Amino acid sequence: MTDFSILRQKAGLGIPEAADVLGYTERQVYRWEAGENIPRKVILDKLKEVRSKRCGDPSDDHAFTFIDLFAGIGGLRRGFNAIGGKCTFTCEWDKHSQETYRRNYPSDDHEIFPDIRQLREEDIPLHDVLLAGFPCQPFSLAGVSKKNALNRPHGFACETQGTLFFDIQRILAYHRPKAFLLENVKNLVNHDKGRTFAIIKDVLENQLGYTVQYKILNAKSWLPQHRERIFIVGFREDYGFRFDDMIVPAPLKGPALKTILHPENGEEVPEKPYTEGNIGRVSDKYTLSDKLWSYLQAYADKHKAKGNGFGFGLFGPEDTARTLSARYHKDGSEILISRGEGRTPRRLTPRECARLMGFDLPGQKDFIIPVSDTQAYRQFGNSVAVPAVEAVAGLMKPYILEAREEAVRKRA
């Protein structure tokens, strides 16, 4: 991470906002971010000035505090770190995700609590904002279909995951944080003919008294991936936060896959085990076997003949991918990368997945991936599109700071 990037994040500025504040193009800011150009001292001094004004005493090093529940590998956290927040508590049950989380946030002064069901409200520190990407399987179309086929309950009837929302409820009820952000799959709105979402809204608005706004965002606006997720924002007081004020880049004008793929032409330093050789060629292990490729083609042909849309997704550098899912480790069929006419396609590498989800900038490899490919695919497939979170966090920031300032005035 460059000095510019560190200062930008501490100042609580996103890339577009930094460009606007500094009076430069986003392209130039990305060059500073990636270390391609070294910014002049006056630029760094300007960032320090902005940080001081926005975040208060620089020695405090944060503008507000937040907790990270169902944290995964920290996708929601990255968006709120970027606007000057400090994470004071983390909860995540999966040991492999814990490993990735710890490696990427080594300076944390708190341990990762493993099981939210065993968590006592009083053991959580005071915080300004609660973040939670609560489990989506009971509400997703795929999850519902699978549970129906197995004659298992789903949604709030699912004892293992659906009721985990109520752990969020009890923490909100106890701590009454100034704001929260919840993230889930798009289908949460329609699950059980809308009754599930109606219950969630009733809990948040009527039982807990929060002013709630929600919006479905497609990652295509920022990343070369079709990925729709619902973001639910609540404030304890109505400060005027409205998703209608959010300026979302046009999805059809979003970046193409070429921005996250390994160039394989020597522009990128090889990164084993993902790329190798002098030009950073993608390792052969990511190319599908002839047997698997033949199977996927036959499977697609069979369903096409029946009029179904099941099958693999084959994409080139100018395309936008399907949604990356946690099952990607099985065969990679939803996002296969074309290697040219007559050549067997390949999977994405975990590093490309990190870029596809926004954990790394195009061409960068700052995010540490300490786990196996299988676990990495699961982690990125279960995570959030980081730029979408950053956009929501940026919209929330002035209202979070207003709420915090009001609390300080009341204490005085």
# chains A, B, ... in the order shown; residues from 1 in each chain; ligands from 1
>>> select_by_dssp(residues="region 46-253 of chain A", states="strand (DSSP E)", output="number ranges by chain")
A: 64-69, 85-91, 112-113, 129-132, 179-185, 211-218, 228-235
>>> write_last_selection(atoms="C-alpha atoms", output="compact mmCIF listing (two decimals), in the first residue's frame")
# COMPACT_ATOMS: atom_id res chain seq x y z
CA PHE A 64 -16.03 6.95 14.54
CA THR A 65 -16.12 3.34 15.72
CA PHE A 66 -17.88 0.30 14.30
CA ILE A 67 -18.28 -3.43 14.93
CA ASP A 68 -18.05 -6.07 12.22
CA LEU A 69 -20.51 -8.98 12.62
CA GLY A 85 -13.85 4.42 10.92
CA LYS A 86 -12.14 2.15 13.45
CA CYS A 87 -13.23 -1.45 13.98
CA THR A 88 -13.41 -2.27 17.68
CA PHE A 89 -15.02 -5.73 17.57
CA THR A 90 -15.19 -8.60 15.07
CA CYS A 91 -17.31 -11.75 14.99
CA ILE A 112 -12.18 -12.42 16.63
CA PHE A 113 -15.18 -13.79 18.50
CA VAL A 129 -22.08 1.83 13.76
CA LEU A 130 -23.01 -1.86 13.51
CA LEU A 131 -22.07 -3.71 10.30
CA ALA A 132 -23.47 -7.14 9.48
CA ALA A 179 -26.41 3.67 12.75
CA PHE A 180 -26.18 0.26 11.12
CA LEU A 181 -25.58 -1.27 7.70
CA LEU A 182 -26.90 -4.73 6.86
CA GLU A 183 -26.15 -6.53 3.58
CA ASN A 184 -27.87 -9.52 2.03
CA VAL A 185 -28.93 -11.09 -1.25
CA THR A 211 -35.27 5.15 10.46
CA VAL A 212 -34.58 2.62 7.70
CA GLN A 213 -33.65 2.97 4.04
CA TYR A 214 -32.72 0.18 1.65
CA LYS A 215 -31.46 -0.11 -1.90
CA ILE A 216 -30.47 -2.92 -4.27
CA LEU A 217 -27.11 -2.17 -5.88
CA ASN A 218 -25.46 -3.97 -8.78
CA GLU A 228 -27.06 -7.53 -7.05
CA ARG A 229 -27.23 -7.15 -3.29
CA ILE A 230 -29.53 -5.31 -0.89
CA PHE A 231 -28.05 -2.73 1.48
CA ILE A 232 -30.18 -1.79 4.50
CA VAL A 233 -29.21 1.38 6.37
CA GLY A 234 -30.69 2.53 9.66
CA PHE A 235 -30.16 5.61 11.81
>>> residues_around(residues="region 347-358 of chain A", least_positions_apart="5", cutoff="6 Å", atoms="only C-alpha atoms", output="compact mmCIF listing (two decimals) with N, CA and C atoms, in the first residue's frame")
# COMPACT_ATOMS: atom_id res chain seq x y z
N ILE A 260 -9.35 -6.85 -14.56
CA ILE A 260 -9.01 -7.66 -13.39
C ILE A 260 -8.24 -8.92 -13.76
N LEU A 261 -8.13 -9.23 -15.04
CA LEU A 261 -7.43 -10.44 -15.48
C LEU A 261 -5.92 -10.23 -15.49
N TYR A 286 -5.14 -23.85 -13.49
CA TYR A 286 -6.44 -23.18 -13.58
C TYR A 286 -7.16 -23.47 -14.90
N GLY A 332 -15.97 -24.05 -11.36
CA GLY A 332 -15.75 -22.75 -11.97
C GLY A 332 -16.68 -22.43 -13.12
N LEU A 336 -16.05 -18.88 -16.66
CA LEU A 336 -14.91 -19.48 -17.34
C LEU A 336 -14.30 -18.42 -18.27
N ALA A 385 -19.13 -6.77 -2.66
CA ALA A 385 -18.40 -5.95 -3.62
C ALA A 385 -17.92 -4.69 -2.89
N VAL A 386 -16.63 -4.63 -2.64
CA VAL A 386 -16.08 -3.57 -1.79
C VAL A 386 -16.40 -2.16 -2.30
>>> atom_distance(atom1="CA of Ile116 (chain A)", atom2="CA of Asp94 (chain A)")
11.6 Å
>>> closest_residue(among="A:Ser97, A:Ser338, A:Ser5, A:Thr196", to="Tyr377 (chain A)", atoms="only C-alpha atoms")
A:Ser97
>>> residues_around(residues="Asp167 (chain A)", least_positions_apart="2", cutoff="10 Å", atoms="only C-alpha atoms", output="PDB file with C-alpha atoms, in the first residue's frame")
ATOM      1  CA  LEU A  69     -20.511  -8.981  12.623  1.00  0.00           C
ATOM      2  CA  ILE A 116     -22.472 -14.824  17.631  1.00  0.00           C
ATOM      3  CA  ARG A 117     -24.988 -17.175  19.262  1.00  0.00           C
ATOM      4  CA  GLN A 118     -22.704 -17.423  22.291  1.00  0.00           C
ATOM      5  CA  LEU A 119     -21.963 -13.693  22.343  1.00  0.00           C
ATOM      6  CA  ARG A 120     -23.260 -11.673  25.273  1.00  0.00           C
ATOM      7  CA  GLU A 121     -24.357  -8.144  24.406  1.00  0.00           C
ATOM      8  CA  PHE A 134     -25.747 -11.764   7.933  1.00  0.00           C
ATOM      9  CA  THR A 163     -32.750 -16.779  13.060  1.00  0.00           C
ATOM     10  CA  LEU A 164     -29.266 -15.268  13.187  1.00  0.00           C
ATOM     11  CA  PHE A 165     -30.933 -11.984  12.239  1.00  0.00           C
ATOM     12  CA  GLN A 169     -31.754  -7.469  16.845  1.00  0.00           C
ATOM     13  CA  ARG A 170     -30.676  -8.138  20.417  1.00  0.00           C
ATOM     14  CA  ILE A 171     -27.339  -6.339  19.926  1.00  0.00           C
ATOM     15  CA  LEU A 172     -29.060  -3.311  18.381  1.00  0.00           C
ATOM     16  CA  ALA A 173     -31.603  -3.297  21.211  1.00  0.00           C
TER      17      ALA A 173
END
>>> atom_distance(atom1="CA of Gly266 (chain A)", atom2="CA of Trp32 (chain A)")
21.4 Å
>>> closest_residue(among="A:Tyr30, A:Glu237, A:Pro224, A:Gly342", to="Tyr210 (chain A)", atoms="only C-alpha atoms")
A:Glu237
>>> residues_around(residues="Tyr24 (chain A)", least_positions_apart="6", cutoff="12 Å", atoms="only C-alpha atoms", output="list in words")
Ile15, Pro16, Glu17, Ala18, Tyr30, Arg31, Trp32, Pro39 and Ile43 of chain A
>>> write_last_selection(atoms="N, CA and C atoms", output="PDB file, in the first residue's frame")
ATOM      1  N   ILE A  15     -11.841   7.192  -3.947  1.00  0.00           N
ATOM      2  CA  ILE A  15     -11.068   7.646  -5.110  1.00  0.00           C
ATOM      3  C   ILE A  15     -11.736   8.847  -5.796  1.00  0.00           C
ATOM      4  N   PRO A  16     -13.041   8.758  -6.132  1.00  0.00           N
ATOM      5  CA  PRO A  16     -13.677   9.915  -6.799  1.00  0.00           C
ATOM      6  C   PRO A  16     -13.649  11.171  -5.936  1.00  0.00           C
ATOM      7  N   GLU A  17     -13.878  10.997  -4.611  1.00  0.00           N
ATOM      8  CA  GLU A  17     -13.894  12.139  -3.705  1.00  0.00           C
ATOM      9  C   GLU A  17     -12.504  12.756  -3.589  1.00  0.00           C
ATOM     10  N   ALA A  18     -11.469  11.912  -3.556  1.00  0.00           N
ATOM     11  CA  ALA A  18     -10.097  12.425  -3.489  1.00  0.00           C
ATOM     12  C   ALA A  18      -9.761  13.228  -4.736  1.00  0.00           C
ATOM     13  N   TYR A  30      -5.657   7.248  -9.319  1.00  0.00           N
ATOM     14  CA  TYR A  30      -5.365   5.817  -9.377  1.00  0.00           C
ATOM     15  C   TYR A  30      -3.864   5.566  -9.573  1.00  0.00           C
ATOM     16  N   ARG A  31      -3.198   6.429 -10.331  1.00  0.00           N
ATOM     17  CA  ARG A  31      -1.739   6.275 -10.526  1.00  0.00           C
ATOM     18  C   ARG A  31      -1.001   6.465  -9.202  1.00  0.00           C
ATOM     19  N   TRP A  32      -1.412   7.481  -8.430  1.00  0.00           N
ATOM     20  CA  TRP A  32      -0.795   7.679  -7.114  1.00  0.00           C
ATOM     21  C   TRP A  32      -1.103   6.501  -6.201  1.00  0.00           C
ATOM     22  N   PRO A  39       3.143  11.467  -5.880  1.00  0.00           N
ATOM     23  CA  PRO A  39       2.527  12.792  -5.754  1.00  0.00           C
ATOM     24  C   PRO A  39       3.474  13.800  -5.114  1.00  0.00           C
ATOM     25  N   ILE A  43       0.422  17.725  -2.418  1.00  0.00           N
ATOM     26  CA  ILE A  43      -0.729  16.828  -2.486  1.00  0.00           C
ATOM     27  C   ILE A  43      -0.897  16.080  -1.170  1.00  0.00           C
TER      28      ILE A  43
END
>>> select_by_dssp(residues="region 34-124 of chain A", states="helix (DSSP H, G or I)", output="ChimeraX atom specification")
/A:34,41-55,75-81,95-104,116-118,121-123
